[in-house]
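A.B. asks: Take a look at this one; I'll ask things after.
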Amino acid sequence: MKQKFVLLAGMLVMTSLHVFSQSPEWRLINGQAVAEKKFVIPGKSARDLYKEIHRWLIRKYENPEDIIKARVEDEYLRGVGYNSKFMKSIDHVSPALRYVFSFDVKDEEVTFKIFDAVLIDSNLQDNDAEYPIEDYFNSGNRGTESNEVLISASAFSASMFQTLETALILKN
């Protein structure tokens with residue numbers, strides 16, 4: 001009986017820290033690849049959550065003010081990020097990923113999205129080649145490379161979501 005109570009209490013504590021969680025897998029929504037996660041942080045105002053997101057951006061990016069492209073104080077942030085070591089390729093050239101991210105902030109709730117992702121291949125001599133990540137959803141287009149890109153995209157978004165979640169929960 002005591003073990004059941006302890007287990008139930010532990011489950012209640014865990015669900016209170018973050019109630020709603022989604023897989024960081026990328027999905028096609030109206031033809032656009034999107035990774036999205038919704039965080040519910042009970043007792044936190046939109047203003048407090050916005051501040052924590054801003055602190056997270058400062059820790060995550062070298063010049064966060066340079067990448068922020070839109071903001072509505074205490075409600076919304078949108079920016080453009082760049083990951084220069086997105087994945088390792090067979091020829092040891094690491095394609096980069098440029099992406100757009102957004103935060104919709106409400107009382108007790110943050111929705112973090114990553115979208116408009118473009119793989120940048122600097123392996124070409126003249127110019128960088130850019131491939132929208134949506135191209136890789138049709139595995140017939142690029143074979144096993146598509147799987148590698150999607151696995152890397154999932155790992156990237158999972159890492160982003162996890163570090164934000166940790167930042168939001170630690171301040172809770």
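Convention: chains lettered A, B, ... in structure tokens order; per-chain residue numbering from 1; ligands numbered from 1 as shown.
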From stretch 32-148 of chain A, collect each residue whose DSSP state is strand (DSSP E or B) and return the set as a PyMOL selection string.
C.D. replies: chain A and resi 32-40+68-72+76-83+96-106+109-121+129-132
A.B. asks: Would you export the selected residues with C-alpha atoms as a short mmCIF file (atom, residue, chain, number, x, y, z; two decimals), in the first residue's frame, please?
C.D. replies:
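And here is the file that came out, out11.cif:
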```cif
data_model
loop_
_atom_site.label_atom_id
_atom_site.label_comp_id
_atom_site.auth_asym_id
_atom_site.auth_seq_id
_atom_site.Cartn_x
_atom_site.Cartn_y
_atom_site.Cartn_z
CA GLN A 32 5.68 22.33 -44.33
CA ALA A 33 7.98 20.35 -42.00
CA VAL A 34 7.39 21.36 -38.39
CA ALA A 35 8.73 20.17 -35.05
CA GLU A 36 6.62 21.41 -32.17
CA LYS A 37 6.40 20.94 -28.44
CA LYS A 38 3.99 22.44 -25.97
CA PHE A 39 5.08 22.97 -22.37
CA VAL A 40 2.66 23.53 -19.53
CA ILE A 68 15.43 37.58 -33.12
CA LYS A 69 13.32 38.75 -36.07
CA ALA A 70 9.97 39.44 -34.38
CA ARG A 71 8.72 39.92 -30.85
CA VAL A 72 5.61 40.88 -28.98
CA TYR A 76 5.69 35.90 -28.91
CA LEU A 77 9.24 35.52 -30.20
CA ARG A 78 10.43 34.43 -33.65
CA GLY A 79 13.99 34.07 -34.84
CA VAL A 80 16.30 32.41 -37.31
CA GLY A 81 18.88 29.92 -36.08
CA TYR A 82 21.83 28.19 -37.68
CA ASN A 83 23.44 24.89 -36.71
CA ALA A 96 24.50 22.97 -41.77
CA LEU A 97 20.87 23.64 -40.89
CA ARG A 98 19.18 27.04 -41.06
CA TYR A 99 15.79 27.14 -39.38
CA VAL A 100 13.10 29.43 -38.05
CA PHE A 101 11.88 29.05 -34.48
CA SER A 102 8.99 30.60 -32.61
CA PHE A 103 7.62 30.75 -29.10
CA ASP A 104 3.96 31.41 -28.41
CA VAL A 105 3.69 32.33 -24.74
CA LYS A 106 0.57 32.37 -22.56
CA GLU A 109 1.97 27.59 -21.43
CA VAL A 110 4.71 27.82 -24.07
CA THR A 111 4.53 26.39 -27.59
CA PHE A 112 7.95 26.07 -29.21
CA LYS A 113 8.08 25.43 -32.98
CA ILE A 114 10.94 24.82 -35.37
CA PHE A 115 10.09 25.21 -39.07
CA ASP A 116 11.31 26.51 -42.46
CA ALA A 117 14.39 24.32 -42.03
CA VAL A 118 16.90 24.23 -44.88
CA LEU A 119 19.88 21.90 -45.15
CA ILE A 120 22.93 23.76 -46.48
CA ASP A 121 25.55 21.67 -48.24
CA ALA A 129 23.35 24.14 -52.19
CA GLU A 130 20.19 24.54 -50.11
CA TYR A 131 17.60 21.80 -49.66
CA PRO A 132 14.36 22.36 -47.75
#
```
A.B. asks: Rounded to one decimal, what separation in Å do you get between atom CA of A:Ser154 and atom CA of A:Ser94?
C.D. replies: 16.6 Å
A.B. asks: Hey, which of A:Glu75, A:Lys60, A:Gly31, A:Glu108 ends up closest to A:Ser159? Count only C-alpha atoms.
C.D. replies: A:Lys60
A.B. asks: Write out as a PyMOL selection string each polymer residue whose atoms come within 9 Å of A:Leu164, counting only C-alpha atoms; drop sequence neighbours fewer than 5 positions from it.
C.D. replies: chain A and resi 52-53+56-57+112+159+169
A.B. asks: Take the residues from that selection and put them in a file with N, CA and C atoms, as a short mmCIF file (atom, residue, chain, number, x, y, z; two decimals), in the first residue's frame.
C.D. replies:
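Written out: part.cif:
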```cif
data_model
loop_
_atom_site.label_atom_id
_atom_site.label_comp_id
_atom_site.auth_asym_id
_atom_site.auth_seq_id
_atom_site.Cartn_x
_atom_site.Cartn_y
_atom_site.Cartn_z
N GLU A 52 12.14 33.66 -18.98
CA GLU A 52 12.94 32.43 -18.96
C GLU A 52 13.35 32.02 -20.37
N ILE A 53 12.47 32.21 -21.33
CA ILE A 53 12.81 31.90 -22.72
C ILE A 53 13.94 32.83 -23.18
N TRP A 56 17.12 31.64 -21.77
CA TRP A 56 17.54 30.44 -22.48
C TRP A 56 18.19 30.82 -23.81
N LEU A 57 17.61 31.76 -24.54
CA LEU A 57 18.18 32.21 -25.81
C LEU A 57 19.58 32.80 -25.61
N PHE A 112 6.67 25.85 -28.52
CA PHE A 112 7.95 26.07 -29.21
C PHE A 112 7.89 25.32 -30.53
N SER A 159 16.91 17.83 -28.76
CA SER A 159 17.89 18.53 -27.93
C SER A 159 17.42 19.95 -27.60
N ILE A 169 11.73 24.29 -16.25
CA ILE A 169 11.42 23.51 -15.05
C ILE A 169 12.33 23.91 -13.88
#
```
A.B. asks: Of the residues A:Glu62, A:Glu165, A:Asp74, A:Trp26, which is the one nearest to A:Ala46, using only C-alpha atoms?
C.D. replies: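 The closest residue to A:Ala46 is A:Asp74.
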A.B. asks: Looking only at alpha helix (DSSP H) from DSSP on the backbone, list the matching residues of stretch 32-154 of chain A as a PyMOL selection string.
C.D. replies: chain A and resi 46-60+64-67+139-142+144-154
A.B. asks: Please dump the current selection as a compact mmCIF listing (two decimals), in the first residue's frame; keep N, CA and C atoms.
C.D. replies:
```txt
# COMPACT_ATOMS: atom_id res chain seq x y z
N ALA A 46 2.72 34.47 -18.14
CA ALA A 46 3.31 34.64 -19.46
C ALA A 46 4.57 35.49 -19.37
N ARG A 47 4.54 36.50 -18.54
CA ARG A 47 5.70 37.39 -18.37
C ARG A 47 6.91 36.61 -17.84
N ASP A 48 6.69 35.77 -16.82
CA ASP A 48 7.79 34.98 -16.26
C ASP A 48 8.33 33.97 -17.28
N LEU A 49 7.44 33.32 -18.01
CA LEU A 49 7.87 32.36 -19.03
C LEU A 49 8.65 33.05 -20.14
N TYR A 50 8.20 34.21 -20.55
CA TYR A 50 8.89 34.99 -21.60
C TYR A 50 10.32 35.32 -21.14
N LYS A 51 10.47 35.73 -19.89
CA LYS A 51 11.79 36.05 -19.35
C LYS A 51 12.70 34.82 -19.36
N GLU A 52 12.14 33.66 -18.98
CA GLU A 52 12.94 32.43 -18.96
C GLU A 52 13.35 32.02 -20.37
N ILE A 53 12.47 32.21 -21.33
CA ILE A 53 12.81 31.90 -22.72
C ILE A 53 13.94 32.83 -23.18
N HIS A 54 13.85 34.09 -22.83
CA HIS A 54 14.89 35.04 -23.22
C HIS A 54 16.23 34.66 -22.58
N ARG A 55 16.21 34.24 -21.33
CA ARG A 55 17.45 33.79 -20.67
C ARG A 55 18.01 32.55 -21.38
N TRP A 56 17.12 31.64 -21.77
CA TRP A 56 17.54 30.44 -22.48
C TRP A 56 18.19 30.82 -23.81
N LEU A 57 17.61 31.76 -24.54
CA LEU A 57 18.18 32.21 -25.81
C LEU A 57 19.58 32.80 -25.61
N ILE A 58 19.78 33.53 -24.52
CA ILE A 58 21.09 34.11 -24.22
C ILE A 58 22.13 33.00 -23.99
N ARG A 59 21.72 31.93 -23.30
CA ARG A 59 22.64 30.81 -23.06
C ARG A 59 22.87 29.99 -24.34
N LYS A 60 21.88 29.88 -25.17
CA LYS A 60 21.91 28.99 -26.34
C LYS A 60 22.63 29.61 -27.55
N PRO A 64 21.97 36.50 -29.33
CA PRO A 64 20.53 36.27 -29.48
C PRO A 64 19.75 37.45 -30.06
N GLU A 65 20.19 38.66 -29.78
CA GLU A 65 19.46 39.82 -30.32
C GLU A 65 19.60 39.92 -31.84
N ASP A 66 20.67 39.35 -32.39
CA ASP A 66 20.86 39.36 -33.84
C ASP A 66 19.95 38.37 -34.56
N ILE A 67 19.55 37.32 -33.87
CA ILE A 67 18.74 36.29 -34.53
C ILE A 67 17.24 36.48 -34.32
N SER A 139 11.28 9.65 -49.13
CA SER A 139 12.52 8.88 -49.13
C SER A 139 12.91 8.41 -50.52
N GLY A 140 11.98 8.38 -51.47
CA GLY A 140 12.31 8.00 -52.83
C GLY A 140 13.22 9.01 -53.49
N ASN A 141 13.22 10.23 -53.01
CA ASN A 141 14.05 11.28 -53.60
C ASN A 141 15.53 11.07 -53.36
N ARG A 142 15.92 10.68 -52.15
CA ARG A 142 17.34 10.64 -51.80
C ARG A 142 17.77 9.36 -51.10
N THR A 144 18.78 6.52 -48.56
CA THR A 144 19.17 6.46 -47.15
C THR A 144 19.59 7.82 -46.60
N GLU A 145 19.99 8.72 -47.46
CA GLU A 145 20.34 10.07 -47.00
C GLU A 145 19.12 10.73 -46.34
N SER A 146 17.92 10.46 -46.88
CA SER A 146 16.71 11.02 -46.28
C SER A 146 16.55 10.57 -44.84
N ASN A 147 16.78 9.28 -44.60
CA ASN A 147 16.68 8.77 -43.23
C ASN A 147 17.69 9.44 -42.31
N GLU A 148 18.92 9.61 -42.78
CA GLU A 148 19.95 10.25 -41.97
C GLU A 148 19.57 11.69 -41.64
N VAL A 149 19.05 12.41 -42.61
CA VAL A 149 18.64 13.79 -42.38
C VAL A 149 17.50 13.84 -41.37
N LEU A 150 16.50 12.99 -41.53
CA LEU A 150 15.35 13.01 -40.62
C LEU A 150 15.75 12.58 -39.21
N ILE A 151 16.66 11.62 -39.10
CA ILE A 151 17.15 11.22 -37.77
C ILE A 151 17.91 12.39 -37.13
N SER A 152 18.75 13.06 -37.91
CA SER A 152 19.48 14.22 -37.38
C SER A 152 18.53 15.35 -37.00
N ALA A 153 17.50 15.57 -37.82
CA ALA A 153 16.52 16.62 -37.51
C ALA A 153 15.78 16.30 -36.22
N SER A 154 15.41 15.04 -36.03
CA SER A 154 14.73 14.65 -34.80
C SER A 154 15.63 14.81 -33.58
```
